[in-house]
Amino acid sequence: MRTKSLSVNFVNSSIAFLLLHVIGCSSAPTGPVASAPLSGKIGGQAFAGKIALATSSDTPSGKWIHLRIYESDVKCGVFGTPEGRAVLMSPAEWKDGLSYDLGAGGEATLFAPPSSNTIATIGRVEVISIGSSFLPGKVRVRAIYDGNNTVEGEVPVYSCM
């Protein structure tokens with residue numbers, strides 16, 4: 001009898017775990033990204049996105065687009081990460097009206113200096129307009145890893161290509 005009781009408890013526990021996992025996974029936000037200013041946490045610290053820059057680089061497999069969201073006011077031509085600033089980076093195709101879910105179409109790296117990189121694969125990117133190096137466009141991003149690494153909202157973006 002003791003073996004049967006352990007087997008039943010194991011099966012019941014396994015079913016309960018699977019149900020909680022499925023319920024937990026389905027609670028991720030879906031739908032359009034909020035149009036409020038981009039904010040959240042990166043590395044457990046408050047993050048407020050002020051400006052985004054879209055840049056590109058050539059690789060053997062073609063052009064690669066980089067979208068970087070800074071919490072300080074930076075301009076086109078800035079390379080690397082501003083000292084002491086948290087940055088969200090997300091490679092993306094670059095055109096007006098583009099939208100894709102993270103995980104299916106890419107990922108976002110939530111970077112907290114000096115070397116903390118957290119990869120978010122839950123979320124969404126919406127390029128409202130690409131802008132230019134003189135006039136900003138708009139991009140909306142939702143990137144979720146955990147409660148200490150999550151951002152959502154809209155930020156002006158300059159196309160520096």
# chains A, B, ... in the order shown; residues from 1 in each chain; ligands from 1
>>> residues_around(residues="Ala120 in chain A", least_positions_apart="3", cutoff="10 Å", atoms="only C-alpha atoms", output="NGL selection string")
:A and (88 or 90 or 102-103 or 106-110 or 117 or 123 or 142-146 or 149-151)
>>> select_by_dssp(residues="range 70-161 of chain A", states="strand (DSSP E or B)", output="PyMOL selection string")
chain A and resi 70+87-91+99-101+108-112+116-120+122-129+137-146+149-159
>>> atom_distance(atom1="CA of Tyr158 in chain A", atom2="CA of Val74 in chain A")
9.9 Å
>>> closest_residue(among="A:Thr55, A:Thr30, A:Ser159, A:Ser61", to="Ile130 in chain A", atoms="only C-alpha atoms")
A:Ser159
>>> residues_around(residues="range 36-42 of chain A", least_positions_apart="3", cutoff="7 Å", atoms="only C-alpha atoms", output="PyMOL selection string")
chain A and resi 45-49+86+110-112+148-155
>>> atom_distance(atom1="CA of Leu98 in chain A", atom2="CA of Gly147 in chain A")
27.0 Å
>>> residues_around(residues="Ile69 in chain A", least_positions_apart="2", cutoff="8 Å", atoms="only C-alpha atoms", output="ChimeraX atom specification")
/A:49-53,67,71,87-89,155
>>> residues_around(residues="Val125 in chain A", least_positions_apart="4", cutoff="7 Å", atoms="only C-alpha atoms", output="ChimeraX atom specification")
/A:99-101,140-142
>>> atom_distance(atom1="CA of Ser133 in chain A", atom2="CA of Pro113 in chain A")
26.8 Å
